>>> print(open('coords26.json').read())   # JSON, C-alpha atoms
[["chain", "number", "residue", "atom", "x", "y", "z"],
["A", 1, "MET", "CA", 15.96, 11.84, -67.01],
["A", 2, "ASN", "CA", 12.55, 12.15, -65.39],
["A", 3, "ASN", "CA", 10.01, 13.69, -67.78],
["A", 4, "THR", "CA", 7.03, 13.34, -65.47],
["A", 5, "ILE", "CA", 5.07, 16.55, -64.85],
["A", 6, "ASP", "CA", 3.48, 16.47, -61.41],
["A", 7, "SER", "CA", 1.96, 19.96, -61.24],
["A", 8, "ILE", "CA", 0.89, 22.83, -63.47],
["A", 9, "ARG", "CA", -0.50, 26.33, -62.97],
["A", 10, "CYS", "CA", -4.18, 27.03, -63.53],
["A", 11, "LYS", "CA", -4.75, 28.60, -66.96],
["A", 12, "THR", "CA", -7.05, 31.20, -65.40],
["A", 13, "CYS", "CA", -5.82, 32.08, -61.90],
["A", 14, "ALA", "CA", -2.26, 30.62, -62.01],
["A", 15, "ALA", "CA", -2.80, 28.64, -58.80],
["A", 16, "PRO", "CA", -0.47, 25.62, -58.50],
["A", 17, "LEU", "CA", -2.37, 22.39, -59.18],
["A", 18, "ALA", "CA", -1.10, 18.87, -58.53],
["A", 19, "LEU", "CA", -1.58, 16.30, -61.28],
["A", 20, "LEU", "CA", -2.83, 13.24, -59.45],
["A", 21, "GLY", "CA", -4.30, 9.95, -60.60],
["A", 22, "ASN", "CA", -3.53, 8.03, -63.77],
["A", 23, "ALA", "CA", -2.22, 10.49, -66.38],
["A", 24, "LEU", "CA", -3.39, 8.24, -69.21],
["A", 25, "ARG", "CA", -6.96, 8.09, -67.94],
["A", 26, "THR", "CA", -7.39, 11.62, -66.56],
["A", 27, "LYS", "CA", -9.66, 13.66, -68.82],
["A", 28, "THR", "CA", -10.18, 16.88, -66.90],
["A", 29, "LEU", "CA", -8.33, 18.90, -64.30],
["A", 30, "THR", "CA", -10.45, 21.40, -62.38],
["A", 31, "CYS", "CA", -8.88, 24.22, -60.37],
["A", 32, "GLN", "CA", -10.01, 24.04, -56.73],
["A", 33, "TYR", "CA", -9.57, 27.80, -56.35],
["A", 34, "CYS", "CA", -11.38, 29.36, -59.33],
["A", 35, "GLY", "CA", -13.35, 26.43, -60.80],
["A", 36, "THR", "CA", -11.72, 26.45, -64.25],
["A", 37, "VAL", "CA", -12.05, 23.06, -65.98],
["A", 38, "MET", "CA", -9.09, 22.14, -68.19],
["A", 39, "ASP", "CA", -8.78, 19.42, -70.82],
["A", 40, "SER", "CA", -6.02, 17.08, -69.58],
["A", 41, "GLN", "CA", -5.75, 15.44, -73.00],
["A", 42, "ASN", "CA", -5.35, 18.71, -74.92],
["A", 43, "GLU", "CA", -2.52, 20.65, -73.24],
["A", 44, "PHE", "CA", -4.80, 21.68, -70.37],
["A", 45, "ARG", "CA", -6.82, 24.02, -72.54],
["A", 46, "ALA", "CA", -9.41, 25.85, -70.43],
["A", 47, "LEU", "CA", -12.90, 24.54, -71.25],
["A", 48, "TYR", "CA", -15.23, 26.47, -68.94],
["A", 49, "THR", "CA", -15.52, 27.65, -65.34],
["A", 50, "PHE", "CA", -17.83, 26.48, -62.60],
["A", 51, "SER", "CA", -19.64, 29.45, -61.12],
["A", 52, "THR", "CA", -20.00, 27.65, -57.80],
["A", 53, "VAL", "CA", -16.69, 27.00, -56.07],
["A", 54, "GLN", "CA", -16.94, 25.52, -52.61],
["A", 55, "GLN", "CA", -15.14, 23.12, -50.37],
["A", 56, "PRO", "CA", -17.28, 20.09, -49.58],
["A", 57, "GLN", "CA", -18.52, 19.55, -46.04],
["A", 58, "THR", "CA", -16.12, 16.74, -45.30],
["A", 59, "ALA", "CA", -12.65, 16.17, -43.91],
["A", 60, "LEU", "CA", -11.60, 14.49, -47.16],
["A", 61, "ARG", "CA", -9.41, 16.68, -49.39],
["A", 62, "ILE", "CA", -7.64, 16.26, -52.71],
["A", 63, "GLY", "CA", -4.14, 14.89, -52.15],
["A", 64, "LEU", "CA", -4.90, 13.08, -48.91],
["A", 65, "GLN", "CA", -3.69, 9.48, -48.75],
["A", 66, "GLY", "CA", -5.38, 6.57, -47.04],
["A", 67, "VAL", "CA", -5.21, 2.80, -46.88],
["A", 68, "LEU", "CA", -8.22, 0.86, -48.17],
["A", 69, "ASP", "CA", -8.15, -2.93, -47.88],
["A", 70, "GLY", "CA", -4.40, -2.78, -47.26],
["A", 71, "ILE", "CA", -3.63, -0.67, -50.34],
["A", 72, "LYS", "CA", -2.59, 2.99, -50.30],
["A", 73, "PHE", "CA", -4.88, 5.30, -52.30],
["A", 74, "GLN", "CA", -4.70, 9.03, -52.88],
["A", 75, "ILE", "CA", -7.73, 11.27, -53.43],
["A", 76, "SER", "CA", -7.30, 12.75, -56.91],
["A", 77, "GLY", "CA", -10.58, 14.61, -57.37],
["A", 78, "PHE", "CA", -14.26, 14.84, -56.51],
["A", 79, "VAL", "CA", -17.63, 15.72, -58.00],
["A", 80, "VAL", "CA", -20.60, 17.26, -56.20],
["A", 81, "TYR", "CA", -23.91, 15.97, -57.58],
["A", 82, "GLU", "CA", -27.40, 17.30, -56.92],
["A", 83, "SER", "CA", -30.67, 15.65, -57.80],
["A", 84, "THR", "CA", -34.14, 17.08, -57.41],
["A", 85, "TYR", "CA", -37.20, 14.85, -57.42],
["A", 86, "ARG", "CA", -40.69, 16.05, -56.47],
["A", 87, "GLY", "CA", -39.20, 18.88, -54.42],
["A", 88, "ASP", "CA", -36.70, 16.70, -52.58],
["A", 89, "VAL", "CA", -33.13, 17.81, -53.12],
["A", 90, "THR", "CA", -30.38, 15.24, -52.64],
["A", 91, "GLN", "CA", -26.70, 16.10, -52.79],
["A", 92, "TRP", "CA", -23.77, 13.73, -52.66],
["A", 93, "LEU", "CA", -20.02, 13.78, -53.09],
["A", 94, "HIS", "CA", -18.15, 11.34, -55.28],
["A", 95, "PHE", "CA", -14.39, 11.10, -54.64],
["A", 96, "GLN", "CA", -11.99, 9.35, -56.99],
["A", 97, "CYS", "CA", -9.04, 7.69, -55.24],
["A", 98, "TYR", "CA", -6.09, 6.28, -57.15],
["A", 99, "SER", "CA", -3.51, 3.59, -56.51],
["A", 100, "PRO", "CA", -0.76, 2.92, -59.08],
["A", 101, "THR", "CA", -1.17, -0.84, -58.51],
["A", 102, "HIS", "CA", -4.93, -1.16, -57.98],
["A", 103, "GLY", "CA", -6.36, 1.66, -60.11],
["A", 104, "TYR", "CA", -9.34, 3.68, -58.94],
["A", 105, "SER", "CA", -11.55, 3.20, -55.91],
["A", 106, "HIS", "CA", -14.47, 5.50, -55.25],
["A", 107, "ILE", "CA", -15.88, 7.07, -52.09],
["A", 108, "ILE", "CA", -19.43, 8.37, -52.03],
["A", 109, "LYS", "CA", -20.66, 10.58, -49.19],
["A", 110, "LEU", "CA", -24.44, 10.53, -49.15],
["A", 111, "GLY", "CA", -25.93, 12.29, -46.12],
["A", 112, "ASP", "CA", -23.93, 11.16, -43.12],
["A", 113, "LYS", "CA", -22.81, 7.91, -44.73],
["A", 114, "TYR", "CA", -19.66, 6.97, -46.59],
["A", 115, "PHE", "CA", -19.53, 4.14, -49.12],
["A", 116, "VAL", "CA", -16.26, 2.80, -50.50],
["A", 117, "LEU", "CA", -16.78, 1.34, -53.96],
["A", 118, "ARG", "CA", -14.95, -0.53, -56.68],
["A", 119, "ARG", "CA", -16.03, -0.89, -60.27],
["A", 120, "THR", "CA", -17.31, -4.39, -60.91],
["A", 121, "TYR", "CA", -17.84, -6.38, -64.08],
["A", 122, "HIS", "CA", -20.21, -8.83, -62.44],
["A", 123, "LEU", "CA", -23.82, -8.53, -63.50],
["A", 124, "PRO", "CA", -26.89, -8.19, -61.28],
["A", 125, "ASN", "CA", -29.37, -11.06, -61.69],
["A", 126, "ARG", "CA", -32.01, -8.63, -63.03],
["A", 127, "ILE", "CA", -31.90, -5.76, -65.49],
["A", 128, "ILE", "CA", -31.85, -2.94, -62.96],
["A", 129, "TRP", "CA", -32.85, -0.24, -65.46],
["A", 130, "MET", "CA", -36.17, -2.10, -65.88],
["A", 131, "LEU", "CA", -36.81, -2.01, -62.11],
["A", 132, "LYS", "CA", -38.22, 0.71, -59.86],
["A", 133, "LYS", "CA", -37.57, 2.07, -56.40],
["A", 134, "GLY", "CA", -38.10, -0.63, -53.77],
["A", 135, "ASP", "CA", -37.46, -3.54, -56.13],
["A", 136, "ARG", "CA", -34.98, -6.22, -55.15],
["A", 137, "PHE", "CA", -32.17, -7.94, -57.02],
["A", 138, "GLU", "CA", -29.06, -9.95, -56.29],
["A", 139, "MET", "CA", -25.46, -9.23, -57.11],
["A", 140, "GLN", "CA", -22.81, -11.92, -56.55],
["A", 141, "GLY", "CA", -25.31, -13.73, -54.33],
["A", 142, "GLN", "CA", -26.02, -10.71, -52.11],
["A", 143, "PRO", "CA", -29.48, -9.11, -51.91],
["A", 144, "PHE", "CA", -29.98, -5.42, -52.70],
["A", 145, "LEU", "CA", -32.99, -3.12, -52.59],
["A", 146, "ILE", "CA", -33.19, -0.16, -54.95],
["A", 147, "ASP", "CA", -33.09, 2.98, -52.80],
["A", 148, "GLN", "CA", -33.52, 5.54, -55.57],
["A", 149, "PHE", "CA", -32.92, 6.39, -59.20],
["A", 150, "TYR", "CA", -31.31, 9.79, -59.67],
["A", 151, "PHE", "CA", -30.92, 12.06, -62.65],
["A", 152, "PRO", "CA", -28.37, 14.42, -61.11],
["A", 153, "GLN", "CA", -26.58, 17.47, -62.38],
["A", 154, "VAL", "CA", -22.96, 18.24, -61.62],
["A", 155, "LEU", "CA", -22.87, 21.19, -59.22],
["A", 156, "TYR", "CA", -19.15, 21.40, -58.90],
["A", 157, "ALA", "CA", -16.00, 19.36, -59.46],
["A", 158, "ALA", "CA", -12.35, 19.66, -58.49],
["A", 159, "GLY", "CA", -9.05, 17.92, -59.15],
["A", 160, "SER", "CA", -8.03, 15.28, -61.68],
["A", 161, "LEU", "CA", -10.98, 13.24, -62.91],
["A", 162, "THR", "CA", -11.37, 10.36, -65.32],
["A", 163, "ASN", "CA", -14.76, 11.61, -66.53],
["A", 164, "THR", "CA", -15.40, 14.49, -68.86],
["A", 165, "ILE", "CA", -17.24, 16.70, -66.37],
["A", 166, "LYS", "CA", -19.79, 19.05, -67.85],
["A", 167, "GLN", "CA", -22.08, 21.49, -66.11],
["A", 168, "ARG", "CA", -25.71, 20.53, -66.45],
["A", 169, "GLN", "CA", -24.57, 17.09, -67.60],
["A", 170, "ARG", "CA", -27.04, 14.48, -66.39],
["A", 171, "ASN", "CA", -26.30, 10.77, -66.23],
["A", 172, "LYS", "CA", -28.92, 8.49, -64.75],
["A", 173, "GLN", "CA", -27.71, 6.78, -61.59],
["A", 174, "CYS", "CA", -29.16, 3.92, -59.58],
["A", 175, "PHE", "CA", -28.45, 3.53, -55.84],
["A", 176, "ALA", "CA", -29.25, 0.25, -54.14],
["A", 177, "LEU", "CA", -28.57, -0.82, -50.57],
["A", 178, "GLY", "CA", -27.88, -4.18, -49.00],
["A", 179, "GLU", "CA", -26.74, -5.17, -45.55],
["A", 180, "GLU", "CA", -23.80, -2.82, -45.00],
["A", 181, "ARG", "CA", -23.38, -2.88, -48.78],
["A", 182, "CYS", "CA", -24.04, -0.48, -51.59],
["A", 183, "PHE", "CA", -24.54, -0.87, -55.32],
["A", 184, "VAL", "CA", -24.33, 2.01, -57.78],
["A", 185, "SER", "CA", -24.84, 2.02, -61.52],
["A", 186, "VAL", "CA", -24.22, 4.99, -63.79],
["A", 187, "GLN", "CA", -25.61, 5.20, -67.29],
["A", 188, "LYS", "CA", -23.60, 7.41, -69.65],
["A", 189, "SER", "CA", -23.95, 8.06, -73.37],
["A", 190, "HIS", "CA", -21.09, 5.72, -74.25],
["A", 191, "ALA", "CA", -20.99, 3.37, -71.25],
["A", 192, "VAL", "CA", -22.87, 1.82, -68.38],
["A", 193, "GLU", "CA", -20.85, 1.26, -65.22],
["A", 194, "TYR", "CA", -21.49, -0.86, -62.14],
["A", 195, "TYR", "CA", -19.93, -0.30, -58.73],
["A", 196, "ILE", "CA", -20.21, -2.33, -55.55],
["A", 197, "GLY", "CA", -19.00, -1.34, -52.12],
["A", 198, "THR", "CA", -19.33, -1.25, -48.39],
["A", 199, "LEU", "CA", -20.66, 1.18, -45.82],
["A", 200, "MET", "CA", -17.95, 2.73, -43.67],
["A", 201, "PRO", "CA", -18.46, 4.87, -40.54],
["A", 202, "VAL", "CA", -17.61, 8.55, -41.06],
["A", 203, "ALA", "CA", -15.01, 8.66, -38.29],
["A", 204, "THR", "CA", -13.29, 5.50, -39.51],
["A", 205, "LEU", "CA", -12.99, 6.64, -43.10],
["A", 206, "GLU", "CA", -11.89, 10.18, -42.28],
["A", 207, "ALA", "CA", -9.28, 8.79, -39.90],
["A", 208, "LEU", "CA", -7.93, 6.60, -42.74],
["A", 209, "PHE", "CA", -7.39, 9.65, -44.94],
["A", 210, "SER", "CA", -5.51, 12.05, -42.72],
["A", 211, "LYS", "CA", -2.09, 12.60, -44.25],
["A", 212, "ARG", "CA", -0.72, 14.03, -47.48],
["B", 1, "MET", "CA", -10.65, 0.67, -61.28],
["B", 2, "MET", "CA", -7.66, -0.61, -63.13],
["B", 3, "LYS", "CA", -8.87, -2.61, -66.11],
["B", 4, "ILE", "CA", -7.29, -6.02, -66.15],
["B", 5, "CYS", "CA", -8.78, -8.34, -68.72],
["B", 6, "PHE", "CA", -7.48, -11.80, -69.43],
["B", 7, "LEU", "CA", -8.26, -12.51, -73.06],
["B", 8, "LEU", "CA", -8.34, -16.22, -73.65],
["B", 9, "GLN", "CA", -9.46, -16.67, -77.22],
["B", 10, "SER", "CA", -9.78, -14.60, -80.36],
["B", 11, "GLN", "CA", -11.73, -14.98, -83.59],
["B", 12, "THR", "CA", -11.93, -12.67, -86.60],
["B", 13, "VAL", "CA", -15.00, -12.61, -88.86],
["B", 14, "ARG", "CA", -16.15, -10.52, -91.82],
["B", 15, "LEU", "CA", -18.24, -7.47, -90.94],
["B", 16, "ASN", "CA", -21.42, -8.92, -92.41],
["B", 17, "GLU", "CA", -21.13, -11.81, -89.96],
["B", 18, "ALA", "CA", -21.01, -9.49, -86.92],
["B", 19, "PRO", "CA", -23.44, -7.00, -85.37],
["B", 20, "SER", "CA", -22.71, -3.43, -86.43],
["B", 21, "TRP", "CA", -20.71, -1.30, -84.01],
["B", 22, "ALA", "CA", -23.43, 1.38, -84.09],
["B", 23, "SER", "CA", -26.01, -1.13, -82.87],
["B", 24, "LEU", "CA", -23.94, -2.01, -79.83],
["B", 25, "GLN", "CA", -25.23, 0.82, -77.65],
["B", 26, "PRO", "CA", -24.46, 0.64, -73.92],
["B", 27, "ASN", "CA", -27.08, -1.35, -71.99],
["B", 28, "THR", "CA", -28.00, -3.40, -75.06],
["B", 29, "HIS", "CA", -28.53, -7.09, -74.41],
["B", 30, "ILE", "CA", -27.31, -9.31, -77.21],
["B", 31, "ASN", "CA", -26.89, -13.02, -77.77],
["B", 32, "VAL", "CA", -23.52, -13.99, -79.20],
["B", 33, "ALA", "CA", -22.82, -17.67, -79.92],
["B", 34, "GLY", "CA", -25.64, -18.78, -77.63],
["B", 35, "LYS", "CA", -24.62, -16.64, -74.65],
["B", 36, "ASP", "CA", -26.35, -13.50, -73.34],
["B", 37, "TRP", "CA", -24.13, -10.43, -73.15],
["B", 38, "LEU", "CA", -24.61, -6.85, -71.97],
["B", 39, "VAL", "CA", -22.88, -4.02, -73.84],
["B", 40, "THR", "CA", -21.11, -1.84, -71.28],
["B", 41, "GLU", "CA", -19.02, 0.50, -73.38],
["B", 42, "GLN", "CA", -18.45, 1.80, -76.90],
["B", 43, "CYS", "CA", -15.40, 3.75, -78.01],
["B", 44, "GLN", "CA", -13.70, 4.89, -81.19],
["B", 45, "MET", "CA", -10.02, 5.69, -81.66],
["B", 46, "VAL", "CA", -7.88, 7.02, -84.47],
["B", 47, "LEU", "CA", -4.26, 5.92, -84.47],
["B", 48, "GLU", "CA", -2.41, 9.15, -85.32],
["B", 49, "GLU", "CA", 1.17, 8.03, -84.91],
["B", 50, "ALA", "CA", 2.95, 4.75, -84.54],
["B", 51, "SER", "CA", 6.58, 4.00, -83.81],
["B", 52, "ALA", "CA", 8.68, 2.09, -86.31],
["B", 53, "SER", "CA", 8.54, -0.92, -84.05],
["B", 54, "THR", "CA", 4.74, -1.11, -84.21],
["B", 55, "PRO", "CA", 3.97, -4.72, -85.10],
["B", 56, "ARG", "CA", 1.10, -3.76, -87.41],
["B", 57, "PRO", "CA", 2.22, -0.54, -89.17],
["B", 58, "ALA", "CA", -0.67, -0.81, -91.62],
["B", 59, "LEU", "CA", -2.95, 0.37, -88.83],
["B", 60, "LYS", "CA", -1.34, 3.83, -88.76],
["B", 61, "ASN", "CA", -3.93, 6.61, -89.23],
["B", 62, "SER", "CA", -6.69, 4.04, -89.25],
["B", 63, "ALA", "CA", -9.88, 4.22, -87.21],
["B", 64, "ARG", "CA", -10.75, 1.54, -84.74],
["B", 65, "SER", "CA", -14.08, 1.01, -83.00],
["B", 66, "ASP", "CA", -14.43, -1.13, -79.90],
["B", 67, "ALA", "CA", -17.38, -2.50, -77.99],
["B", 68, "TYR", "CA", -17.03, -4.05, -74.53],
["B", 69, "LEU", "CA", -19.56, -6.64, -73.39],
["B", 70, "ILE", "CA", -19.91, -8.57, -70.13],
["B", 71, "ALA", "CA", -21.74, -11.74, -69.13],
["B", 72, "GLN", "CA", -22.21, -13.59, -65.83],
["B", 73, "ASN", "CA", -19.11, -14.17, -63.69],
["B", 74, "ALA", "CA", -17.36, -11.07, -65.13],
["B", 75, "GLU", "CA", -16.85, -12.76, -68.47],
["B", 76, "ALA", "CA", -15.63, -10.23, -71.05],
["B", 77, "LEU", "CA", -16.08, -9.92, -74.79],
["B", 78, "LEU", "CA", -14.19, -7.24, -76.69],
["B", 79, "ILE", "CA", -15.33, -6.71, -80.27],
["B", 80, "THR", "CA", -12.89, -4.66, -82.33],
["B", 81, "PHE", "CA", -13.97, -3.30, -85.69],
["B", 82, "ILE", "CA", -11.15, -2.41, -88.09],
["B", 83, "ASP", "CA", -11.73, -1.94, -91.82],
["B", 84, "ASN", "CA", -13.84, -4.86, -93.04],
["B", 85, "ALA", "CA", -13.28, -7.20, -90.14],
["B", 86, "ALA", "CA", -14.52, -7.66, -86.61],
["B", 87, "THR", "CA", -12.37, -9.42, -84.04],
["B", 88, "PHE", "CA", -14.00, -11.09, -81.05],
["B", 89, "GLN", "CA", -11.76, -11.52, -78.02],
["B", 90, "GLN", "CA", -13.19, -13.40, -75.08],
["B", 91, "GLY", "CA", -11.87, -13.54, -71.52],
["B", 92, "PHE", "CA", -12.53, -12.38, -67.96],
["B", 93, "TRP", "CA", -12.29, -9.12, -66.03],
["B", 94, "LEU", "CA", -10.27, -9.35, -62.84],
["B", 95, "ASP", "CA", -9.96, -6.81, -60.05],
["B", 96, "PRO", "CA", -6.38, -6.58, -58.66],
["B", 97, "PHE", "CA", -7.93, -7.03, -55.19],
["B", 98, "GLU", "CA", -9.01, -10.53, -56.29],
["B", 99, "ILE", "CA", -5.46, -11.61, -57.12],
["B", 100, "LYS", "CA", -3.95, -13.68, -54.35],
["B", 101, "VAL", "CA", -0.26, -14.41, -54.56],
["B", 102, "SER", "CA", 1.18, -17.37, -52.70],
["B", 103, "VAL", "CA", 4.78, -18.55, -52.56]]
>>> encode(input="coords26.json", output="structure tokens")
Amino acid sequence: MNNTIDSIRCKTCAAPLALLGNALRTKTLTCQYCGTVMDSQNEFRALYTFSTVQQPQTALRIGLQGVLDGIKFQISGFVVYESTYRGDVTQWLHFQCYSPTHGYSHIIKLGDKYFVLRRTYHLPNRIIWMLKKGDRFEMQGQPFLIDQFYFPQVLYAAGSLTNTIKQRQRNKQCFALGEERCFVSVQKSHAVEYYIGTLMPVATLEALFSKR
Amino acid sequence: MMKICFLLQSQTVRLNEAPSWASLQPNTHINVAGKDWLVTEQCQMVLEEASASTPRPALKNSARSDAYLIAQNAEALLITFIDNAATFQQGFWLDPFEIKVSV
């Protein structure tokens, strides 16, 4: 007998929602239609509702499948971040993509660029949180230059996510760029995470994720 | 990513011989047995239910605190605090993309 639940109805608007990603690691499910955030680990109890509900300006959608490095991944959710620094507003999209055999990969759309990232447990050769914009460091022998430190807020989220998404939640993030490479670190209250990835042309990436 | 950690060796010490779990905040650098480590994650769990086949039934309803540390070359150190003991498990993180299978 198959006891797997693969979809539920939103606790607020009753829209059908697919349960994607790793059920053991998913913490929140956010309705794409009304913005209600539900606790995946507590019988999908409604937590709060995002006032801003919008589709991101990208061809990537929750449920689309694509092949990254020869492995099939499915987009399970995304977060829209916004950071303001000295009047400059920066927005980016962070997609979580899941493979049953290879876990999560991440896609970040920053401006007109896509980066495909994996979490890494290798350490940079310098303590990046002690550095500043423009400083250099090396990661697995590759040079990176710190592009910016952000202190973003979550504008909106949708789908199944492994983080506990909270409005007005701010986790410090570091973006660094190398030659066709990208390094991201996120500092949370209980963890610090490192990601490393590659730059991918918009058309190439969106063509990879084109079927459900 | 999927967490795959090969744990190669384990050692249990009394709590007073280990750093406290509360002091192992993320981003803390710490020297353990002559090696520099970075704390990447802290978590606490309470075991609410255990099946009859659980190998260590005494752990039922007990609290467990973990701290994950990394060093160069993705070396991993998991420190588990249960009751009056701390267990150090050392190994390496491995990304499934790094696994090459040959026949």
>>> closest_residue(input="coords26.json", among="B:Ile79, B:Val13, B:Ala18, B:Ala71", to="chain A", atoms="all atoms listed in the file")
B:Ala71
>>> atom_distance(input="coords26.json", atom1="CA of Gln187 (chain A)", atom2="CA of Gln173 (chain A)")
6.3 Å
>>> interface_residues(input="coords26.json", of="chain A", to="chain B", cutoff="7 Å", atoms="all atoms listed in the file", output="ChimeraX atom specification")
/A:102-105,118-119,121-123,190-193
>>> residues_around(input="coords26.json", residues="Ser51 (chain A)", least_positions_apart="4", cutoff="10 Å", atoms="only C-alpha atoms", output="PyMOL selection string")
chain A and resi 34-36+155-156+167
>>> atom_distance(input="coords26.json", atom1="CA of Ser160 (chain A)", atom2="CA of Gly77 (chain A)")
5.1 Å
>>> residues_near_point(input="coords26.json", point="(-3.3, 2.1, -51.6)", cutoff="8 Å", atoms="all atoms listed in the file", output="compact mmCIF listing (two decimals) with C-alpha atoms, in the coordinates of the input")
# COMPACT_ATOMS: atom_id res chain seq x y z
CA GLN A 65 -3.69 9.48 -48.75
CA GLY A 66 -5.38 6.57 -47.04
CA VAL A 67 -5.21 2.80 -46.88
CA LEU A 68 -8.22 0.86 -48.17
CA ASP A 69 -8.15 -2.93 -47.88
CA GLY A 70 -4.40 -2.78 -47.26
CA ILE A 71 -3.63 -0.67 -50.34
CA LYS A 72 -2.59 2.99 -50.30
CA PHE A 73 -4.88 5.30 -52.30
CA GLN A 74 -4.70 9.03 -52.88
CA TYR A 98 -6.09 6.28 -57.15
CA SER A 99 -3.51 3.59 -56.51
CA PRO A 100 -0.76 2.92 -59.08
CA THR A 101 -1.17 -0.84 -58.51
CA HIS A 102 -4.93 -1.16 -57.98
>>> closest_residue(input="coords26.json", among="A:Pro152, A:Gly159, A:Gly87, A:Gly178", to="Met38 (chain A)", atoms="all atoms listed in the file")
A:Gly159
>>> residues_near_point(input="coords26.json", point="(-12.6, -1.8, -81.6)", cutoff="7 Å", atoms="all atoms listed in the file", output="PDB file with C-alpha atoms, keeping the file's coordinate frame")
ATOM      1  CA  GLN B  44     -13.700   4.890 -81.190  1.00  0.00           C
ATOM      2  CA  ARG B  64     -10.750   1.540 -84.740  1.00  0.00           C
ATOM      3  CA  SER B  65     -14.080   1.010 -83.000  1.00  0.00           C
ATOM      4  CA  ASP B  66     -14.430  -1.130 -79.900  1.00  0.00           C
ATOM      5  CA  ALA B  67     -17.380  -2.500 -77.990  1.00  0.00           C
ATOM      6  CA  ILE B  79     -15.330  -6.710 -80.270  1.00  0.00           C
ATOM      7  CA  THR B  80     -12.890  -4.660 -82.330  1.00  0.00           C
ATOM      8  CA  PHE B  81     -13.970  -3.300 -85.690  1.00  0.00           C
ATOM      9  CA  ILE B  82     -11.150  -2.410 -88.090  1.00  0.00           C
TER      10      ILE B  82
END
>>> closest_residue(input="coords26.json", among="A:Trp129, A:Phe209, A:Tyr33, A:Tyr81", to="Lys166 (chain A)", atoms="only C-alpha atoms")
A:Tyr81
